[in-house]
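These notes are about the structure you will find just below.
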Amino acid sequence: VEMGNTIVSAGDNTDEAARHLMKAAGNAIDSEHYRQVANAKDIDRKTYDARQHQDYLKPEEALECEKFRIRDTYGMTVTPELVEKDDGGRLIKKIVALEAILAAPGEMITDEHGREFITPPDVVAERDKGERDRLSICTDWGNHSTSWLMRQRLGLRAILTDLMDGLEIKGDEATIEALADFSKRNANHIKGILNLTIPLDESPVWILSQYLSQFALSMKSRRPVEDGKRVRYYRLSTEDVAFVRKVLGYRQRLRDEREKRRQEEREAQAAYAARMQAMYGVNAPSNPPSNIIGNNNCGGVDGQLDPCDSWWQQVKFYATLAMERVAHGVDSVKQFLFTLSSDERWGVMMAIDEAQPEMFEELTATAPDWMAWMG
């Protein structure tokens with residue numbers, strides 16, 4: 001009572017006034033949170049990454065990190081509406097799933113029993129591989145390829161492609177009915193893989209809407225009169241389609257930029273290898289690695305190997321040492337790189353990108369001026 005509180009008895013009957021009051025209070029708290037995130041101070045990736053390793057963040061720091069995550073995820077100006085739409089990071093997971101099913105599938109392979117399987121797109125396979133490389137100790141990985149394969153067998157790719165192009169459906173189309181029949185026959189598998197419960201008495205359109213909800217898409221309907229009868233047509237919400245297309249385009253641009261950087265590094269490496277080949281020939285010996293770890297046991301080549309290959313193996317060894325220093329901070333990596341030649345520095349960065357692309361992205365984001373180190 002001294003704190004201004006009162007105890008409300010909770011009996012068998014629902015207090016509608018209290019329920020509406022609690023709902024209104026919850027909405028007000030959520031709206032205030034959305035506003036605070038949108039109005040938080042902008043931070044860079046280096047600050048964001050540094051805060052991810054802290055045990056405790058101040059409330060304003062947590063809001064700043066949330067704003068950076070949303071801006072970096074969607075490539076848009078952060079508004080209260082976008083914060084609400086993000087739903088704590090759940091929205092981007094749905095868009096990533098949509099990106100996966102819209103991507104062109106891989107090639108068809110046949111196992112030893114004659115069964116044919118279609119391989120997932122590279123974007124899905126790389127996601128699974130990256131998760132296993134990053135979480136090598138964990139065994140509870142997300143099987144994104146399995147989810148993709150189930151959706152592929154449902155025929156969702158063809159349906160989604162048509163719907164996103166503006167096609168209207170009535171629900172009696174052969175592809176929609178085939179999706180519903182497959183879903184009902186394999187309801188247990190769909191529940192286990194996609195976490196969707198498929199009732200046996202629901203309509204094909206309702207079943208399709210459940211799959212669409214996992215892609216951040218919804219449908220709208222209209223009921224024109226045809227031949228004296230009302231007919232219902234369904235189509236995707238144009239607002240949802242415009243939003244996901246914008247996000248998918250942003251994600252594709254990021255991938256193109258990363259691939260462009262990798263291509264430039266490969267070309268620089270190829271040019272260096274060509275110069276070495278022209279200068280020293282096939283039997284040119286390589287220099288042993290620097291005495292970084294306290295010994296010179298690594299040695300050079302024996303003259304029988306291709307010097308380009310031996311040079312690359314030496315650079316990969318340097319890259320291993322550099323990756324071990326990432327945990328100690330950017331300055332430690334920078335200090336190590338300065339012990340190498342310019343070409344070896346480029347080779348080390350390319351080797352890190354090849355072996356640990358996520359570590360490479362984190363390192364280059366933390367040190368945006370890393371190219372100046374190359375000399």
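In the structure tokens, chains take the letters A, B, ... in the order shown, each chain's residues start at 1, and ligands count up from 1 in the order shown.
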
Mind checking which residues fall within 12 Å of A:Asp201, counting only C-alpha atoms, ignoring those fewer than 4 positions away in the same chain, and posting them as a list in words?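 Answer for this query is Ala180, Asp181, Ser183, Lys184, Thr197, Val205, Trp206 and Ile207 of chain A.
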
Might you pull out every residue within 6 Å of stretch 218-235 of chain A, with only C-alpha atoms counted and same-chain residues fewer than 5 positions away left off, and present them as a PDB file with N, CA and C atoms, in the first residue's frame?
ATOM      1  N   GLU A 168      -3.248 -14.198 -58.988  1.00  0.00           N
ATOM      2  CA  GLU A 168      -4.365 -14.432 -58.068  1.00  0.00           C
ATOM      3  C   GLU A 168      -4.780 -15.894 -58.146  1.00  0.00           C
ATOM      4  N   ILE A 169      -5.209 -16.440 -57.027  1.00  0.00           N
ATOM      5  CA  ILE A 169      -5.644 -17.835 -56.983  1.00  0.00           C
ATOM      6  C   ILE A 169      -7.025 -17.916 -56.346  1.00  0.00           C
ATOM      7  N   LYS A 170      -7.710 -19.013 -56.638  1.00  0.00           N
ATOM      8  CA  LYS A 170      -9.009 -19.276 -56.016  1.00  0.00           C
ATOM      9  C   LYS A 170      -8.937 -20.393 -54.984  1.00  0.00           C
TER      10      LYS A 170
END

What's around A:Leu363 at 9 Å? Count only C-alpha atoms, leave out sequence neighbours fewer than 6 positions away in its own chain, and write the answer as a PDB file with C-alpha atoms, in the first residue's frame.
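Contents of result_30.pdb, as written:
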ATOM      1  CA  VAL A 326      42.058 -12.431 -33.566  1.00  0.00           C
ATOM      2  CA  VAL A 330      42.881  -6.172 -33.999  1.00  0.00           C
ATOM      3  CA  TRP A 370      42.706  -2.952 -43.063  1.00  0.00           C
TER       4      TRP A 370
END

Check the DSSP output for the backbone and give back, as an MDAnalysis selection string, the residues of stretch 124-275 of chain A in strand (DSSP E or B). chainID A and resid 169 219:222 225:226 229:230 233:236

If you keep N, CA and C atoms, can you produce a file of those selected residues as a compact mmCIF listing (two decimals), in the first residue's frame?
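The result, written out as out.txt:
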# COMPACT_ATOMS: atom_id res chain seq x y z
N ILE A 169 -5.21 -16.44 -57.03
CA ILE A 169 -5.64 -17.83 -56.98
C ILE A 169 -7.03 -17.92 -56.35
N MET A 219 -1.88 -12.98 -47.26
CA MET A 219 -2.75 -12.88 -48.43
C MET A 219 -3.94 -11.98 -48.14
N LYS A 220 -4.39 -11.32 -49.18
CA LYS A 220 -5.62 -10.53 -49.15
C LYS A 220 -6.58 -11.10 -50.18
N SER A 221 -7.85 -10.89 -49.97
CA SER A 221 -8.85 -11.47 -50.86
C SER A 221 -9.82 -10.41 -51.36
N ARG A 222 -10.46 -10.73 -52.45
CA ARG A 222 -11.55 -9.91 -52.99
C ARG A 222 -12.65 -10.85 -53.48
N VAL A 225 -18.29 -10.62 -58.44
CA VAL A 225 -19.44 -11.42 -58.88
C VAL A 225 -19.17 -11.93 -60.28
N GLU A 226 -19.21 -13.24 -60.44
CA GLU A 226 -19.03 -13.88 -61.74
C GLU A 226 -20.17 -14.85 -61.98
N LYS A 229 -22.59 -15.22 -59.19
CA LYS A 229 -22.14 -15.79 -57.93
C LYS A 229 -20.90 -15.06 -57.43
N ARG A 230 -20.79 -15.02 -56.11
CA ARG A 230 -19.61 -14.44 -55.50
C ARG A 230 -18.44 -15.43 -55.56
N TYR A 233 -11.09 -14.45 -54.63
CA TYR A 233 -9.74 -14.53 -55.17
C TYR A 233 -8.74 -14.10 -54.09
N TYR A 234 -7.61 -14.76 -54.09
CA TYR A 234 -6.57 -14.45 -53.11
C TYR A 234 -5.30 -14.02 -53.85
N ARG A 235 -4.58 -13.08 -53.22
CA ARG A 235 -3.29 -12.65 -53.74
C ARG A 235 -2.44 -12.17 -52.56
N LEU A 236 -1.12 -12.14 -52.77
CA LEU A 236 -0.23 -11.70 -51.71
C LEU A 236 -0.40 -10.21 -51.46

Can I get the residues of stretch 197-230 of chain A within 12 Å of stretch 144-151 of chain A, each with the closest pair of atoms and their distance in Å to one decimal, using only C-alpha atoms, sorted chain first then ascending number, as CSV?
residue,atom,partner,partner_atom,distance
A:Leu208,CA,A:Arg151,CA,11.5
A:Tyr211,CA,A:Arg151,CA,8.8
A:Leu212,CA,A:Arg151,CA,11.1
A:Gln214,CA,A:Arg151,CA,10.9
A:Phe215,CA,A:Arg151,CA,11.4

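Excluding stretch 340-356 of chain A itself and any same-chain residue fewer than 4 positions from it, the protein and nucleic acid residues within 8 Å of it, counting only C-alpha atoms, are Arg262, Glu265, Arg266, Ala268, Gln269, Tyr272, Trp312, Val315, Lys316, Tyr318, Ala319, Thr320, Ala322, Met323, Phe336, Phe360, Glu361, Met374 and Gly375 of chain A.
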
d(atom CA of A:Gln313, atom CA of A:Gly329) in Å: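 Atom CA of A:Gly329 lies 24.8 Å from atom CA of A:Gln313.
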
Would you list the contacts of A:Ile95 as a list in words, taking every protein, DNA or RNA residue within 7 Å and counting only C-alpha atoms, but skipping same-chain residues closer than 2 positions in sequence? Leu91, Ile92, Lys93, Ala97, Leu98, Glu99, Phe215, Ala216 and Val244 of chain A

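Across the structure, atom CA of A:Ala174 and atom CA of A:Glu202 are spaced 16.5 Å apart.
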
Helix (DSSP H, G or I) per DSSP on the backbone: members of stretch 101-317 of chain A, as a CSV table (one decimal) with C-alpha atoms, in the first residue's frame:
chain,number,residue,atom,x,y,z
A,101,ILE,CA,13.2,-21.3,-51.3
A,102,LEU,CA,13.3,-18.7,-54.1
A,122,ASP,CA,24.5,-22.6,-52.4
A,123,VAL,CA,23.1,-20.0,-50.1
A,124,VAL,CA,21.5,-22.8,-48.0
A,125,ALA,CA,24.4,-25.2,-48.1
A,126,GLU,CA,26.8,-22.4,-47.1
A,127,ARG,CA,24.6,-21.5,-44.2
A,128,ASP,CA,24.6,-25.0,-42.9
A,129,LYS,CA,28.3,-25.4,-43.5
A,130,GLY,CA,29.1,-22.1,-41.8
A,131,GLU,CA,27.0,-23.0,-38.8
A,132,ARG,CA,28.9,-26.3,-38.3
A,133,ASP,CA,32.3,-24.6,-38.8
A,134,ARG,CA,31.4,-21.9,-36.3
A,144,HIS,CA,18.4,-25.5,-43.1
A,145,SER,CA,18.9,-27.9,-46.0
A,146,THR,CA,16.3,-30.3,-44.6
A,147,SER,CA,13.7,-27.5,-44.2
A,148,TRP,CA,14.5,-26.3,-47.7
A,149,LEU,CA,14.1,-29.8,-49.2
A,150,MET,CA,10.7,-30.2,-47.5
A,151,ARG,CA,9.4,-26.9,-48.9
A,152,GLN,CA,10.9,-27.9,-52.3
A,153,ARG,CA,8.9,-31.1,-52.3
A,154,LEU,CA,5.8,-29.2,-51.3
A,156,LEU,CA,6.3,-23.9,-52.7
A,157,ARG,CA,9.0,-22.4,-55.0
A,158,ALA,CA,6.8,-22.5,-58.1
A,159,ILE,CA,3.7,-21.3,-56.1
A,160,LEU,CA,5.7,-18.4,-54.5
A,161,THR,CA,7.2,-17.3,-57.7
A,162,ASP,CA,3.8,-16.9,-59.3
A,163,LEU,CA,2.2,-15.3,-56.3
A,164,MET,CA,5.1,-12.7,-56.0
A,174,ALA,CA,-3.9,-28.1,-59.2
A,175,THR,CA,-0.7,-26.9,-57.6
A,176,ILE,CA,-2.5,-25.6,-54.5
A,177,GLU,CA,-4.5,-28.8,-54.1
A,178,ALA,CA,-1.4,-30.9,-54.6
A,179,LEU,CA,0.3,-29.0,-51.8
A,180,ALA,CA,-2.6,-29.5,-49.5
A,181,ASP,CA,-2.8,-33.3,-50.3
A,182,PHE,CA,1.0,-33.7,-49.7
A,183,SER,CA,0.8,-31.7,-46.5
A,184,LYS,CA,-2.0,-33.9,-45.1
A,185,ARG,CA,-0.3,-37.1,-46.1
A,187,ALA,CA,1.6,-34.0,-41.6
A,188,ASN,CA,3.9,-35.7,-39.0
A,189,HIS,CA,7.0,-35.0,-41.0
A,190,ILE,CA,6.0,-31.4,-41.6
A,191,LYS,CA,5.4,-30.9,-37.9
A,192,GLY,CA,8.8,-32.3,-37.1
A,193,ILE,CA,10.7,-30.4,-39.8
A,194,LEU,CA,8.8,-27.1,-40.3
A,204,PRO,CA,-6.0,-25.8,-49.3
A,205,VAL,CA,-5.9,-22.0,-49.1
A,206,TRP,CA,-5.7,-22.1,-45.3
A,207,ILE,CA,-2.8,-24.6,-45.5
A,208,LEU,CA,-1.0,-22.4,-48.0
A,209,SER,CA,-1.4,-19.4,-45.7
A,210,GLN,CA,0.4,-21.2,-42.9
A,211,TYR,CA,3.4,-21.8,-45.1
A,212,LEU,CA,3.3,-18.1,-46.2
A,213,SER,CA,3.3,-17.0,-42.6
A,238,THR,CA,1.6,-5.9,-52.1
A,239,GLU,CA,3.1,-4.2,-49.0
A,240,ASP,CA,4.6,-7.5,-47.8
A,241,VAL,CA,6.0,-8.3,-51.3
A,242,ALA,CA,7.5,-4.8,-51.7
A,243,PHE,CA,9.2,-5.0,-48.3
A,244,VAL,CA,10.7,-8.5,-48.7
A,245,ARG,CA,11.9,-7.6,-52.2
A,246,LYS,CA,13.7,-4.6,-50.8
A,247,VAL,CA,15.4,-6.7,-48.1
A,248,LEU,CA,16.3,-9.5,-50.5
A,249,GLY,CA,17.8,-6.9,-52.9
A,250,TYR,CA,19.9,-5.5,-50.1
A,251,ARG,CA,21.2,-8.9,-49.0
A,252,GLN,CA,22.1,-9.7,-52.7
A,253,ARG,CA,24.1,-6.5,-53.0
A,254,LEU,CA,26.0,-7.4,-49.8
A,255,ARG,CA,26.8,-10.8,-51.3
A,256,ASP,CA,27.9,-9.2,-54.6
A,257,GLU,CA,30.2,-6.8,-52.8
A,258,ARG,CA,31.8,-9.6,-50.8
A,259,GLU,CA,32.3,-11.6,-53.9
A,260,LYS,CA,33.8,-8.6,-55.7
A,261,ARG,CA,36.3,-8.2,-52.8
A,262,ARG,CA,37.2,-11.8,-52.9
A,263,GLN,CA,37.7,-11.7,-56.7
A,264,GLU,CA,40.0,-8.7,-56.4
A,265,GLU,CA,42.1,-10.6,-53.8
A,266,ARG,CA,42.2,-13.7,-56.0
A,267,GLU,CA,43.4,-11.6,-59.0
A,268,ALA,CA,46.0,-9.9,-56.8
A,269,GLN,CA,47.2,-13.3,-55.7
A,270,ALA,CA,47.2,-14.7,-59.2
A,271,ALA,CA,49.3,-11.7,-60.4
A,272,TYR,CA,51.8,-12.3,-57.6
A,273,ALA,CA,52.0,-16.0,-58.4
A,274,ALA,CA,52.7,-15.1,-62.1
A,275,ARG,CA,55.4,-12.7,-61.1
A,276,MET,CA,57.1,-15.3,-58.9
A,277,GLN,CA,56.8,-17.9,-61.6
A,278,ALA,CA,58.4,-15.5,-64.1
A,279,MET,CA,61.2,-14.4,-61.8
A,280,TYR,CA,62.2,-17.7,-60.2
A,307,PRO,CA,56.9,-22.7,-55.7
A,308,CYS,CA,53.4,-21.2,-56.0
A,309,ASP,CA,51.9,-24.1,-54.2
A,310,SER,CA,54.6,-23.9,-51.5
A,311,TRP,CA,54.2,-20.2,-51.2
A,312,TRP,CA,50.4,-20.7,-50.7
A,313,GLN,CA,51.0,-23.3,-48.0
A,314,GLN,CA,53.3,-21.0,-46.2
A,315,VAL,CA,50.8,-18.2,-46.4
A,316,LYS,CA,48.1,-20.5,-45.0
A,317,PHE,CA,50.4,-21.3,-42.1

Between atom CA of A:Tyr48 and atom CA of A:Ala62 - distance in Å to one decimal: 9.7 Å

Give the answer as one residue: which of A:Ala104, A:Met371, A:Val1, A:Ile29 has the shortest atom-to-atom distance to A:Ile118, using only C-alpha atoms?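 Of the candidates, the smallest distance to A:Ile118 is held by A:Ala104.
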
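Counting only C-alpha atoms, A:Ile43 has the following residues at most 9 Å away, ignoring those fewer than 5 positions along the same chain: Tyr48, Glu64, Cys65, Lys67 and Phe68 of chain A.
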
Selected residue of minimal separation from A:Leu321 among A:Gln335, A:Thr79, A:Ser237, A:Ser31, counting only C-alpha atoms: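 For A:Leu321, the nearest of the candidates is A:Gln335.
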